[in-house]
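J.: Pasting data.txt here (compact mmCIF, C-alpha atoms):
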# COMPACT_ATOMS: atom_id res chain seq x y z
CA MET A 20 47.46 113.04 94.97
CA SER A 21 47.56 111.28 91.59
CA GLY A 22 46.29 114.55 90.13
CA PHE A 23 49.25 116.29 91.67
CA PHE A 24 51.79 114.08 89.96
CA SER A 25 50.02 113.93 86.60
CA ALA A 26 51.61 117.32 85.83
CA PHE A 27 55.01 115.66 85.78
CA THR A 28 55.11 113.59 82.66
CA GLU A 29 58.58 112.69 81.48
CA ALA A 30 58.37 115.37 78.80
CA ASN A 31 57.33 118.08 81.26
CA LEU A 32 60.01 117.14 83.77
CA GLY A 33 62.66 117.14 81.07
CA TYR A 34 61.40 120.54 79.89
CA LEU A 35 61.56 121.95 83.45
CA MET A 36 65.04 120.57 84.06
CA GLY A 37 66.20 122.15 80.80
CA GLY A 38 64.94 125.43 82.24
CA LEU A 39 66.92 124.79 85.40
CA GLY A 40 69.98 124.35 83.18
CA ILE A 41 69.42 127.82 81.67
CA THR A 42 68.83 129.32 85.13
CA VAL A 43 72.11 127.84 86.39
CA GLY A 44 73.92 128.83 83.19
CA VAL A 45 72.81 132.47 83.39
CA SER A 46 73.71 132.54 87.10
CA ILE A 47 77.21 131.12 86.70
CA ILE A 48 78.20 133.28 83.72
CA SER A 49 76.74 136.40 85.40
CA VAL A 50 78.45 135.78 88.71
CA VAL A 51 81.87 135.24 87.11
CA LEU A 52 81.53 138.39 84.98
CA SER A 53 80.21 140.48 87.86
CA LEU A 54 83.03 139.32 90.13
CA ILE A 55 85.52 140.64 87.56
CA PHE A 56 83.73 143.96 86.94
CA GLY A 57 82.68 144.34 90.58
CA SER A 58 86.31 143.91 91.69
CA ILE A 59 87.55 146.52 89.22
CA ILE A 60 84.89 149.02 90.32
CA GLY A 61 85.49 148.18 93.99
CA ILE A 62 89.24 148.85 93.59
CA VAL A 63 88.47 152.14 91.82
CA PHE A 64 86.35 153.14 94.87
CA PHE A 65 89.04 152.06 97.27
CA GLU A 66 91.88 153.90 95.50
CA LYS A 67 89.91 157.20 95.71
CA ILE A 68 91.19 158.52 92.36
CA PRO A 69 90.21 162.22 92.27
CA TYR A 70 86.92 162.87 90.39
CA PHE A 71 87.00 159.46 88.64
CA SER A 72 86.16 157.45 91.78
CA SER A 73 83.27 159.67 92.78
CA PHE A 74 81.97 159.69 89.19
CA VAL A 75 82.02 155.89 89.09
CA GLY A 76 80.49 155.88 92.58
CA THR A 77 77.51 157.96 91.43
CA ILE A 78 76.85 155.69 88.43
CA ASN A 79 77.18 152.68 90.72
CA ASN A 80 74.66 154.13 93.18
CA ILE A 81 72.18 154.81 90.38
CA VAL A 82 72.41 151.22 89.10
CA ARG A 83 72.14 149.78 92.62
CA ASN A 84 68.99 151.79 93.30
CA LEU A 85 67.08 150.71 90.21
CA PRO A 86 64.88 147.60 90.08
CA LEU A 87 66.64 144.73 88.32
CA LEU A 88 63.45 144.09 86.37
CA LEU A 89 63.73 147.57 84.84
CA ILE A 90 67.37 146.93 83.89
CA ILE A 91 66.40 143.62 82.24
CA PHE A 92 63.57 145.24 80.24
CA PHE A 93 65.83 148.15 79.31
CA THR A 94 68.56 145.84 78.04
CA TYR A 95 66.21 143.72 75.97
CA PHE A 96 63.61 146.23 74.76
CA ALA A 97 65.25 149.67 74.84
CA LEU A 98 68.82 149.00 73.69
CA PRO A 99 67.65 147.80 70.24
CA GLN A 100 66.31 151.34 69.77
CA LEU A 101 69.96 152.45 69.92
CA GLY A 102 70.88 149.75 67.41
CA LEU A 103 72.18 147.28 69.98
CA HIS A 104 70.39 143.96 69.53
CA LEU A 105 71.32 141.29 72.07
CA PRO A 106 70.01 137.73 71.91
CA ILE A 107 67.70 137.04 74.85
CA PHE A 108 70.16 134.88 76.82
CA TRP A 109 72.93 137.46 76.58
CA ALA A 110 70.58 140.36 77.26
CA THR A 111 69.75 138.65 80.56
CA VAL A 112 73.43 138.00 81.31
CA VAL A 113 74.33 141.64 80.55
CA ALA A 114 71.49 143.00 82.75
CA MET A 115 72.37 140.65 85.61
CA THR A 116 76.06 141.48 85.32
CA VAL A 117 75.50 145.24 85.34
CA PHE A 118 73.26 145.00 88.41
CA GLN A 119 75.35 142.47 90.34
CA SER A 120 78.65 144.24 89.57
CA ALA A 121 77.24 147.32 91.27
CA MET A 122 76.31 145.22 94.31
CA LEU A 123 79.62 143.35 94.41
CA ALA A 124 81.64 146.56 94.03
CA GLU A 125 80.34 147.66 97.44
CA ILE A 126 81.28 144.29 98.96
CA VAL A 127 84.78 144.43 97.42
CA ARG A 128 85.29 147.96 98.73
CA GLY A 129 84.19 146.85 102.20
CA GLY A 130 86.51 143.84 102.03
CA LEU A 131 89.48 145.99 101.00
CA GLU A 132 88.81 148.51 103.74
CA ALA A 133 88.80 145.69 106.29
CA VAL A 134 92.41 144.74 105.42
CA ASP A 135 94.88 146.18 107.92
CA VAL A 136 96.78 149.27 106.66
CA GLY A 137 100.01 147.69 107.92
CA GLN A 138 99.70 145.09 105.16
CA PHE A 139 99.96 147.81 102.49
CA GLU A 140 102.76 149.61 104.25
CA GLY A 141 104.70 146.40 104.85
CA ALA A 142 104.38 145.29 101.24
CA ARG A 143 105.36 148.72 99.90
CA ALA A 144 108.30 148.92 102.31
CA ASN A 145 109.49 145.57 101.00
CA GLY A 146 109.70 146.98 97.50
CA LEU A 147 106.43 145.75 95.93
CA THR A 148 104.71 148.15 93.54
CA ASN A 149 101.17 149.32 94.19
CA MET A 150 99.77 146.80 91.69
CA GLN A 151 101.81 143.93 93.15
CA THR A 152 100.70 144.83 96.68
CA MET A 153 97.07 144.77 95.60
CA TRP A 154 97.36 141.53 93.64
CA HIS A 155 99.59 139.42 95.91
CA ILE A 156 98.96 140.79 99.41
CA VAL A 157 95.69 142.67 99.77
CA LEU A 158 93.19 141.04 97.39
CA PRO A 159 93.78 137.44 98.60
CA GLN A 160 93.06 138.51 102.19
CA ALA A 161 90.09 140.63 101.19
CA TYR A 162 88.48 137.89 99.09
CA LYS A 163 88.72 135.40 101.94
CA LYS A 164 86.52 137.68 104.06
CA MET A 165 84.20 138.37 101.16
CA ILE A 166 83.28 134.74 100.41
CA PRO A 167 80.09 134.64 102.55
CA PRO A 168 78.60 137.94 101.25
CA ILE A 169 79.53 136.96 97.69
CA ILE A 170 77.63 133.69 98.11
CA SER A 171 74.57 135.59 99.38
CA GLN A 172 74.76 137.72 96.24
CA LEU A 173 74.89 134.51 94.22
CA ILE A 174 71.71 133.36 95.98
CA SER A 175 69.88 136.54 95.09
CA LEU A 176 71.22 136.23 91.54
CA VAL A 177 69.75 132.72 91.20
CA LYS A 178 66.41 133.97 92.51
CA ASP A 179 66.51 137.03 90.26
CA THR A 180 66.97 134.98 87.09
CA SER A 181 63.24 134.24 87.46
CA LEU A 182 62.62 137.88 86.46
CA ALA A 183 63.94 137.06 82.99
CA SER A 184 60.69 135.15 82.41
CA GLY A 185 59.33 138.69 81.88
CA ILE A 186 61.28 138.95 78.62
CA VAL A 187 60.43 135.31 77.80
CA LEU A 188 63.80 133.72 78.47
CA ALA A 189 63.04 129.98 78.69
CA GLU A 190 64.48 129.53 82.19
CA LEU A 191 62.88 127.53 85.00
CA THR A 192 60.07 129.94 85.95
CA TYR A 193 59.04 130.61 82.36
CA ARG A 194 58.97 126.92 81.50
CA GLY A 195 56.81 126.29 84.57
CA GLN A 196 54.40 128.95 83.31
CA ILE A 197 54.25 127.24 79.91
CA ILE A 198 53.39 123.89 81.53
CA TYR A 199 50.55 125.17 83.71
CA ALA A 200 49.20 127.29 80.87
CA GLN A 201 48.20 124.01 79.18
CA ASN A 202 46.17 122.82 82.15
CA THR A 203 45.11 124.98 85.09
CA ASN A 204 45.15 121.90 87.36
CA PHE A 205 48.92 121.97 87.00
CA ILE A 206 49.32 125.42 88.58
CA VAL A 207 49.80 124.27 92.17
CA PRO A 208 51.93 121.17 91.48
CA VAL A 209 54.25 123.08 89.12
CA LEU A 210 54.63 126.02 91.51
CA VAL A 211 55.35 123.63 94.39
CA VAL A 212 58.05 121.82 92.43
CA MET A 213 59.61 125.09 91.26
CA THR A 214 59.65 126.30 94.88
CA LEU A 215 61.41 123.09 95.91
CA VAL A 216 64.01 123.33 93.16
CA TYR A 217 64.85 126.97 93.91
CA PHE A 218 64.86 126.30 97.63
CA LEU A 219 67.20 123.31 97.44
CA LEU A 220 69.58 125.20 95.16
CA ASN A 221 69.69 128.34 97.32
CA TYR A 222 69.56 126.64 100.70
CA GLY A 223 72.51 124.52 99.60
CA LEU A 224 74.38 127.69 98.68
CA SER A 225 73.48 129.30 102.02
CA LEU A 226 74.86 126.27 103.87
CA ILE A 227 78.13 126.66 101.97
CA ALA A 228 78.20 130.36 102.97
CA LYS A 229 77.59 129.40 106.60
CA TRP A 230 80.39 126.82 106.47
CA PHE A 231 82.84 129.45 105.19
CA ASP A 232 81.57 131.87 107.83
CA HIS A 233 82.46 129.40 110.61
CA LYS A 234 85.77 128.42 109.05
CA LEU A 235 86.88 132.03 108.61
CA ALA A 236 85.64 133.26 111.97
CA MET B 19 59.98 165.16 77.23
CA SER B 20 56.76 165.28 75.21
CA LEU B 21 56.39 161.63 76.20
CA LEU B 22 56.48 162.61 79.87
CA ASN B 23 53.84 165.32 79.27
CA GLN B 24 51.61 163.08 77.22
CA TYR B 25 51.59 160.20 79.69
CA PHE B 26 52.19 162.16 82.89
CA SER B 27 49.01 161.02 84.63
CA VAL B 28 49.80 157.37 83.80
CA PHE B 29 53.28 157.67 85.30
CA VAL B 30 51.95 159.40 88.40
CA GLN B 31 49.30 156.71 88.84
CA GLY B 32 51.99 154.05 88.62
CA PHE B 33 54.22 155.96 91.04
CA GLY B 34 51.30 156.17 93.49
CA HIS B 35 50.68 152.43 93.33
CA THR B 36 54.38 151.67 93.78
CA LEU B 37 54.56 153.98 96.78
CA LEU B 38 51.36 152.59 98.30
CA ALA B 39 52.42 148.96 97.84
CA SER B 40 55.84 149.78 99.34
CA ILE B 41 54.39 151.49 102.41
CA ILE B 42 51.83 148.73 103.10
CA ALA B 43 54.47 146.03 102.60
CA LEU B 44 56.94 147.94 104.78
CA ILE B 45 54.54 148.12 107.72
CA GLY B 46 53.36 144.54 107.21
CA SER B 47 56.85 143.10 106.91
CA LEU B 48 58.13 145.09 109.91
CA VAL B 49 55.40 143.59 112.10
CA LEU B 50 55.70 140.08 110.65
CA GLY B 51 59.51 140.16 110.54
CA THR B 52 59.78 141.29 114.16
CA LEU B 53 57.37 138.54 115.20
CA PHE B 54 59.44 135.87 113.46
CA ALA B 55 62.68 137.32 114.86
CA ILE B 56 61.27 137.05 118.39
CA MET B 57 60.16 133.49 117.68
CA GLN B 58 63.68 132.64 116.52
CA VAL B 59 65.28 133.83 119.75
CA SER B 60 62.49 132.65 122.08
CA SER B 61 62.90 129.82 124.57
CA SER B 62 60.08 127.82 122.96
CA LYS B 63 61.45 125.07 120.71
CA THR B 64 58.38 125.06 118.43
CA GLY B 65 58.64 128.84 118.11
CA ARG B 66 62.28 128.59 117.08
CA ILE B 67 61.55 125.85 114.54
CA ILE B 68 58.62 127.73 112.95
CA GLY B 69 60.60 130.98 112.87
CA ASN B 70 63.61 129.31 111.26
CA ILE B 71 61.59 127.44 108.65
CA TYR B 72 59.70 130.59 107.67
CA VAL B 73 62.86 132.64 107.27
CA GLN B 74 64.79 129.95 105.38
CA VAL B 75 61.93 129.18 102.99
CA PHE B 76 61.01 132.76 102.09
CA ARG B 77 64.62 133.92 101.80
CA ASN B 78 65.56 131.15 99.42
CA ILE B 79 62.76 131.22 96.85
CA PRO B 80 62.17 133.92 94.23
CA LEU B 81 59.65 136.65 95.04
CA LEU B 82 58.08 135.99 91.62
CA ILE B 83 57.18 132.41 92.61
CA ILE B 84 55.56 133.61 95.87
CA THR B 85 53.58 136.24 93.99
CA LEU B 86 52.47 133.85 91.24
CA PHE B 87 51.39 131.35 93.89
CA LEU B 88 49.21 133.99 95.56
CA TYR B 89 47.83 135.34 92.30
CA LEU B 90 47.12 132.02 90.58
CA ALA B 91 46.44 129.54 93.38
CA VAL B 92 45.46 131.37 96.58
CA ALA B 93 43.33 133.91 94.67
CA LYS B 94 41.08 131.02 93.58
CA VAL B 95 40.05 130.58 97.23
CA ILE B 96 40.40 134.14 98.54
CA LYS B 97 39.55 136.67 95.85
CA MET B 98 42.29 139.27 95.39
CA THR B 99 43.49 141.67 92.72
CA GLY B 100 46.99 141.68 91.28
CA PHE B 101 47.85 144.67 93.42
CA VAL B 102 46.85 142.82 96.61
CA ALA B 103 48.58 139.58 95.58
CA GLY B 104 51.77 141.51 94.75
CA THR B 105 51.72 143.51 97.96
CA VAL B 106 51.09 140.43 100.13
CA GLY B 107 53.87 138.55 98.29
CA LEU B 108 56.20 141.49 98.83
CA THR B 109 55.30 141.52 102.54
CA LEU B 110 55.90 137.78 103.04
CA TYR B 111 59.20 137.88 101.15
CA THR B 112 60.59 141.02 102.81
CA SER B 113 59.53 139.93 106.30
CA ALA B 114 62.00 137.03 106.11
CA PHE B 115 64.86 139.49 105.50
CA ILE B 116 63.60 141.89 108.15
CA ALA B 117 63.42 138.98 110.61
CA GLU B 118 67.13 138.37 109.96
CA SER B 119 68.01 142.05 110.51
CA VAL B 120 65.96 142.29 113.71
CA ARG B 121 67.30 138.95 114.99
CA ALA B 122 70.87 140.18 114.47
CA GLY B 123 69.89 143.35 116.34
CA ILE B 124 68.45 141.37 119.26
CA LEU B 125 71.51 139.11 119.44
CA SER B 126 73.78 142.16 119.55
CA ILE B 127 72.15 143.25 122.82
CA GLU B 128 74.01 141.96 125.85
CA ALA B 129 72.39 138.89 127.47
CA GLY B 130 72.59 140.70 130.81
CA GLN B 131 69.84 143.07 129.67
CA MET B 132 67.33 140.25 129.36
CA GLU B 133 68.54 138.59 132.58
CA GLY B 134 68.31 141.87 134.49
CA ALA B 135 64.82 142.59 133.18
CA ARG B 136 63.64 139.07 134.02
CA ALA B 137 65.24 139.27 137.49
CA ASN B 138 63.31 142.50 138.05
CA GLY B 139 60.06 140.65 137.50
CA LEU B 140 59.27 141.41 133.85
CA THR B 141 57.91 138.56 131.74
CA PHE B 142 59.77 137.52 128.56
CA ASN B 143 57.27 139.43 126.41
CA GLN B 144 57.49 142.57 128.54
CA ALA B 145 61.28 142.48 128.63
CA MET B 146 61.35 142.01 124.85
CA ARG B 147 58.99 144.90 124.19
CA VAL B 148 60.26 147.43 126.68
CA ILE B 149 63.95 146.63 127.08
CA ILE B 150 65.36 144.58 124.21
CA LEU B 151 63.49 145.61 121.03
CA PRO B 152 64.00 149.39 121.37
CA GLN B 153 67.75 148.83 121.60
CA ALA B 154 67.75 146.14 118.91
CA PHE B 155 65.94 148.39 116.41
CA LYS B 156 68.51 151.13 116.92
CA VAL B 157 71.26 148.71 115.92
CA ALA B 158 69.22 147.31 113.04
CA ILE B 159 68.20 150.63 111.44
CA PRO B 160 70.83 150.75 108.65
CA SER B 161 70.14 147.17 107.64
CA LEU B 162 66.38 147.78 107.83
CA GLY B 163 66.89 150.81 105.60
CA ASN B 164 68.64 148.63 103.03
CA GLN B 165 65.75 146.18 103.20
CA PHE B 166 63.32 149.01 102.54
CA ILE B 167 65.30 150.08 99.46
CA ASN B 168 65.16 146.47 98.23
CA LEU B 169 61.45 146.42 98.94
CA VAL B 170 60.80 149.49 96.77
CA LYS B 171 62.85 147.97 93.94
CA ASN B 172 61.19 144.58 94.35
CA SER B 173 57.73 146.17 94.15
CA SER B 174 58.30 146.08 90.37
CA ILE B 175 57.19 142.43 90.70
CA LEU B 176 53.62 143.79 90.68
CA ALA B 177 54.04 144.28 86.93
CA PHE B 178 53.87 140.48 86.52
CA VAL B 179 50.37 140.29 88.01
CA GLY B 180 48.80 143.45 86.59
CA GLY B 181 49.50 145.40 89.77
CA LEU B 182 49.18 148.88 88.15
CA ASP B 183 52.58 149.91 89.59
CA LEU B 184 55.27 152.03 87.94
CA MET B 185 56.83 149.13 86.03
CA TYR B 186 53.42 147.93 84.81
CA GLN B 187 52.36 151.38 83.59
CA GLY B 188 55.80 151.84 82.05
CA ASN B 189 55.35 148.70 79.97
CA LEU B 190 51.95 149.99 78.80
CA VAL B 191 53.41 153.37 77.83
CA ALA B 192 56.34 151.68 76.06
CA ALA B 193 53.93 149.49 74.11
CA SER B 194 51.69 152.36 72.98
CA SER B 195 54.33 155.06 72.36
CA PHE B 196 56.95 152.74 70.78
CA ASP B 197 59.58 154.89 72.53
CA THR B 198 60.80 152.18 74.89
CA PHE B 199 64.10 153.90 75.58
CA THR B 200 62.67 157.20 76.87
CA THR B 201 59.88 155.44 78.77
CA TYR B 202 62.24 153.23 80.75
CA ILE B 203 64.54 156.18 81.50
CA ILE B 204 61.55 158.10 82.92
CA ILE B 205 60.46 155.05 84.95
CA GLY B 206 64.00 154.73 86.27
CA VAL B 207 64.03 158.36 87.41
CA PHE B 208 60.73 157.82 89.26
CA TYR B 209 62.22 154.84 91.12
CA LEU B 210 65.38 156.81 91.93
CA VAL B 211 63.26 159.59 93.44
CA ILE B 212 62.32 157.10 96.17
CA THR B 213 65.44 154.96 96.47
CA MET B 214 68.29 157.47 96.13
CA PRO B 215 67.44 159.67 99.16
CA LEU B 216 66.89 156.49 101.22
CA SER B 217 70.22 155.09 100.12
CA TYR B 218 72.12 158.27 101.02
CA TYR B 219 70.36 158.40 104.37
CA VAL B 220 71.33 154.78 105.12
CA GLN B 221 74.96 155.53 104.15
CA HIS B 222 74.89 158.52 106.47
CA LEU B 223 73.56 156.36 109.34
CA GLU B 224 76.19 153.70 108.68
CA THR B 225 79.11 156.15 108.87
CA LYS B 226 77.59 157.67 112.00
CA LEU B 227 77.36 154.24 113.66
CA LYS B 228 80.92 153.39 112.58
CA LYS B 229 82.26 156.59 114.16
CA LYS B 230 80.52 155.74 117.43
CA ALA B 231 81.98 152.22 117.52
Is it possible to express this structure as C-alpha cells?

T.:
Amino acid sequence: MSGFFSAFTEANLGYLMGGLGITVGVSIISVVLSLIFGSIIGIVFFEKIPYFSSFVGTINNIVRNLPLLLIIFFTYFALPQLGLHLPIFWATVVAMTVFQSAMLAEIVRGGLEAVDVGQFEGARANGLTNMQTMWHIVLPQAYKKMIPPIISQLISLVKDTSLASGIVLAELTYRGQIIYAQNTNFIVPVLVVMTLVYFLLNYGLSLIAKWFDHKLA
Amino acid sequence: MSLLNQYFSVFVQGFGHTLLASIIALIGSLVLGTLFAIMQVSSSKTGRIIGNIYVQVFRNIPLLIITLFLYLAVAKVIKMTGFVAGTVGLTLYTSAFIAESVRAGILSIEAGQMEGARANGLTFNQAMRVIILPQAFKVAIPSLGNQFINLVKNSSILAFVGGLDLMYQGNLVAASSFDTFTTYIIIGVFYLVITMPLSYYVQHLETKLKKKA
C-alpha cells in the first residue's frame, strides 16, 4: 500500500491538479463557445432557410460523423500547412468547439421543435417580430428542456479532453502519463487516481443533470 | 491523390483494422450491455447494484484511461497487443452506453407484459428472453445505432496504443509524407464511408418511429 501512495509526492499531486485545471479550463471555454455556435446552427436548421439550411446540415453531419481525435489532430497538425498556426491550448478549444457545436446543434433543433407551435403564433399575433419571438418566447422554453442533454454533452466533453494528450496538451491525462513514465511502479496508482478524478467530476455533473430532469419533468 | 495511390495499401490496412475492431466491439458490447441492462432491472438487489456501478463507472471515465489501463497494467498479467487492448477497452466503454439504451427499451415495455408472461408460467429469464427483449430492442434500435456510430468514431483510440487502425496508419503516413493536410482528409473520408450511411439510416428509423407514435 505504501508503494501505492509513494507516487503521490506533493510535487506530483500539484502537477496533476494543474492538469485538472487545464482540463476544466478547456471544457468550460469549449462548452460556452459551442453553446453559442450550436444554438446559431440549430436555429438555422429549425428555420429551414432554402438551400442554406440543408447546406449547413450536410457540413454538420460530416463533422458529427468524424472522430474527435481526427479533428484535434487536423486542427493542430494540418491547419499549419494552410498557414494557420494555433497554440496548443486554443487548437484543442477550436477542435472541441467545432465538434461539440455540431452535437449541440442537433439538441437545439430538437428542443426548438418540441416547443408548441401555438407559442410562435401567439407571439407573432401579439405583434412580436420573428427575432423577438425566438429570443423572448421560444428559446427560453427550449433551453429549459435542453438542460439535461446539454449536461450530458458537457460530460462527454470533459472525457474527450483526454484525447488532447495525443497532441501533448498538458492536461490531466498527459500529466499522468509524464508521472508514470518516470517510474513504471506508478502506472497503476496514477491511473487509479485519474479514474477517480474524472469519475467524481462527471458523476457530479450527471447528478446535476438528473436533478434538472426531475425538476423539469 | 498521388498520396492516396502511394499509400493505398496502408490506408486499406488501417480501414480493415478499424472495421474489425468496431465489429468485435459491437458484438461484445451488445452482449455485455444487454447483460448489465437485465441486471439493472432484475429483482436481485446485488444484481441491480453491480449493474448500476458498472454503468456509472464506465460512462463517466474517459475511454483513453480504460484503454491505457488495459494496455499498461492488465497487459503485464495477461499478454495482449495494442489492438486487443483497444478493442476490449472499446467494448467495456460502449457496453455501459448500450446498457442504458437497452434498459430504457426494457422500461418502455408495459409492466403487464412481464406479469402476463410470469403468470403463464415462464421464469424471469424466459420472459426476458422471449417476451421483453425482442420488443425492447425494437424500441432501442435508433439509440443503439447512434451508439454504434460513436463506437466507430471512438475506435480511433486504438491509435494511442499502436492498434494499427485508420487513425494510427494515418499518423504514420502523415509523418512520412509530410502532407498532413491531405492525409487527414483521406482518413476522414474513410471514416465517413462507415459512419455516414449509418447516420442516415438511424435518422430514417427515427422519423419512421416518430410517424408511428

J.: May I have the residues within 8 Å of segment 160-176 of chain A as a list in words, using all atoms listed in the file and disregarding those fewer than 4 positions away in the same chain?

T.: Ser46, Val50, Met115, Gln119, Met122, Leu123, Ile126, Val127, Gly130, Leu131, Ala133, Val134, Ile156, Thr180, Asn221, Leu224, Ser225, Ala228, Lys229, Phe231, Asp232 and Leu235 of chain A; Asn78 of chain B

J.: Name the residues in contact with Ile204 of chain B at a cut-off of 9 Å, using only C-alpha atoms, excluding same-chain residues fewer than 6 positions from it; report them as number ranges by chain.

T.: B: 22, 29, 188

J.: Keeping only C-alpha atoms, write the selected residues as a PDB file, in the frame of the given file.

T.:
ATOM      1  CA  LEU B  22      56.480 162.610  79.870  1.00  0.00           C
ATOM      2  CA  PHE B  29      53.280 157.670  85.300  1.00  0.00           C
ATOM      3  CA  GLY B 188      55.800 151.840  82.050  1.00  0.00           C
TER       4      GLY B 188
END

J.: Determine which residues of chain A sit within 9 Å of chain B, taking into account only C-alpha atoms, and present them as a PyMOL selection string.

T.: chain A and resi 80-81+84-90+92-93+96-101+174-175+177-182+185+192+206-207+210-211+213-222+225

J.: What separation in Å, quoted to one decimal, exists between atom CA of Asn202 of chain A and atom CA of Tyr95 of chain A?

T.: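 Computing the Euclidean distance for atom CA of Asn202 of chain A and atom CA of Tyr95 of chain A yields 29.6 Å.
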
J.: Any idea what the distance is between atom CA of Thr203 of chain A and atom CA of Tyr111 of chain B?

T.: 25.0 Å

J.: Since the input lacks atoms, please generate N, CA and C atoms for segment 114-133 of chain A and provide them as a PDB file, in the frame of the given file.

T.:
ATOM      1  N   ALA A 114      72.258 142.290  81.724  1.00  0.00           N
ATOM      2  CA  ALA A 114      71.490 143.000  82.750  1.00  0.00           C
ATOM      3  C   ALA A 114      71.876 142.530  84.150  1.00  0.00           C
ATOM      4  N   MET A 115      71.969 141.217  84.322  1.00  0.00           N
ATOM      5  CA  MET A 115      72.370 140.650  85.610  1.00  0.00           C
ATOM      6  C   MET A 115      73.755 141.126  86.010  1.00  0.00           C
ATOM      7  N   THR A 116      74.676 141.127  85.027  1.00  0.00           N
ATOM      8  CA  THR A 116      76.060 141.480  85.320  1.00  0.00           C
ATOM      9  C   THR A 116      76.169 142.951  85.725  1.00  0.00           C
ATOM     10  N   VAL A 117      75.459 143.816  84.997  1.00  0.00           N
ATOM     11  CA  VAL A 117      75.500 145.240  85.340  1.00  0.00           C
ATOM     12  C   VAL A 117      75.010 145.445  86.767  1.00  0.00           C
ATOM     13  N   PHE A 118      73.865 144.815  87.095  1.00  0.00           N
ATOM     14  CA  PHE A 118      73.260 145.000  88.410  1.00  0.00           C
ATOM     15  C   PHE A 118      74.128 144.390  89.513  1.00  0.00           C
ATOM     16  N   GLN A 119      74.575 143.150  89.299  1.00  0.00           N
ATOM     17  CA  GLN A 119      75.350 142.470  90.340  1.00  0.00           C
ATOM     18  C   GLN A 119      76.738 143.082  90.517  1.00  0.00           C
ATOM     19  N   SER A 120      77.340 143.593  89.427  1.00  0.00           N
ATOM     20  CA  SER A 120      78.650 144.240  89.570  1.00  0.00           C
ATOM     21  C   SER A 120      78.543 145.420  90.528  1.00  0.00           C
ATOM     22  N   ALA A 121      77.437 146.171  90.388  1.00  0.00           N
ATOM     23  CA  ALA A 121      77.240 147.320  91.270  1.00  0.00           C
ATOM     24  C   ALA A 121      77.123 146.874  92.720  1.00  0.00           C
ATOM     25  N   MET A 122      76.435 145.748  92.949  1.00  0.00           N
ATOM     26  CA  MET A 122      76.310 145.220  94.310  1.00  0.00           C
ATOM     27  C   MET A 122      77.655 144.723  94.827  1.00  0.00           C
ATOM     28  N   LEU A 123      78.356 143.939  93.977  1.00  0.00           N
ATOM     29  CA  LEU A 123      79.620 143.350  94.410  1.00  0.00           C
ATOM     30  C   LEU A 123      80.695 144.408  94.636  1.00  0.00           C
ATOM     31  N   ALA A 124      80.642 145.502  93.863  1.00  0.00           N
ATOM     32  CA  ALA A 124      81.640 146.560  94.030  1.00  0.00           C
ATOM     33  C   ALA A 124      81.645 147.064  95.474  1.00  0.00           C
ATOM     34  N   GLU A 125      80.446 147.197  96.048  1.00  0.00           N
ATOM     35  CA  GLU A 125      80.340 147.660  97.440  1.00  0.00           C
ATOM     36  C   GLU A 125      80.967 146.635  98.393  1.00  0.00           C
ATOM     37  N   ILE A 126      80.731 145.342  98.109  1.00  0.00           N
ATOM     38  CA  ILE A 126      81.280 144.290  98.960  1.00  0.00           C
ATOM     39  C   ILE A 126      82.806 144.276  98.867  1.00  0.00           C
ATOM     40  N   VAL A 127      83.325 144.437  97.624  1.00  0.00           N
ATOM     41  CA  VAL A 127      84.780 144.430  97.420  1.00  0.00           C
ATOM     42  C   VAL A 127      85.404 145.620  98.152  1.00  0.00           C
ATOM     43  N   ARG A 128      84.778 146.779  98.031  1.00  0.00           N
ATOM     44  CA  ARG A 128      85.290 147.960  98.730  1.00  0.00           C
ATOM     45  C   ARG A 128      85.336 147.701 100.243  1.00  0.00           C
ATOM     46  N   GLY A 129      84.238 147.155 100.768  1.00  0.00           N
ATOM     47  CA  GLY A 129      84.190 146.850 102.200  1.00  0.00           C
ATOM     48  C   GLY A 129      85.278 145.868 102.600  1.00  0.00           C
ATOM     49  N   GLY A 130      85.488 144.845 101.749  1.00  0.00           N
ATOM     50  CA  GLY A 130      86.510 143.840 102.030  1.00  0.00           C
ATOM     51  C   GLY A 130      87.898 144.457 102.048  1.00  0.00           C
ATOM     52  N   LEU A 131      88.159 145.355 101.074  1.00  0.00           N
ATOM     53  CA  LEU A 131      89.480 145.990 101.000  1.00  0.00           C
ATOM     54  C   LEU A 131      89.713 146.885 102.208  1.00  0.00           C
ATOM     55  N   GLU A 132      88.650 147.598 102.607  1.00  0.00           N
ATOM     56  CA  GLU A 132      88.810 148.510 103.740  1.00  0.00           C
ATOM     57  C   GLU A 132      89.070 147.757 105.034  1.00  0.00           C
ATOM     58  N   ALA A 133      88.624 146.468 105.072  1.00  0.00           N
ATOM     59  CA  ALA A 133      88.800 145.690 106.290  1.00  0.00           C
ATOM     60  C   ALA A 133      90.233 145.155 106.435  1.00  0.00           C
TER      61      ALA A 133
END
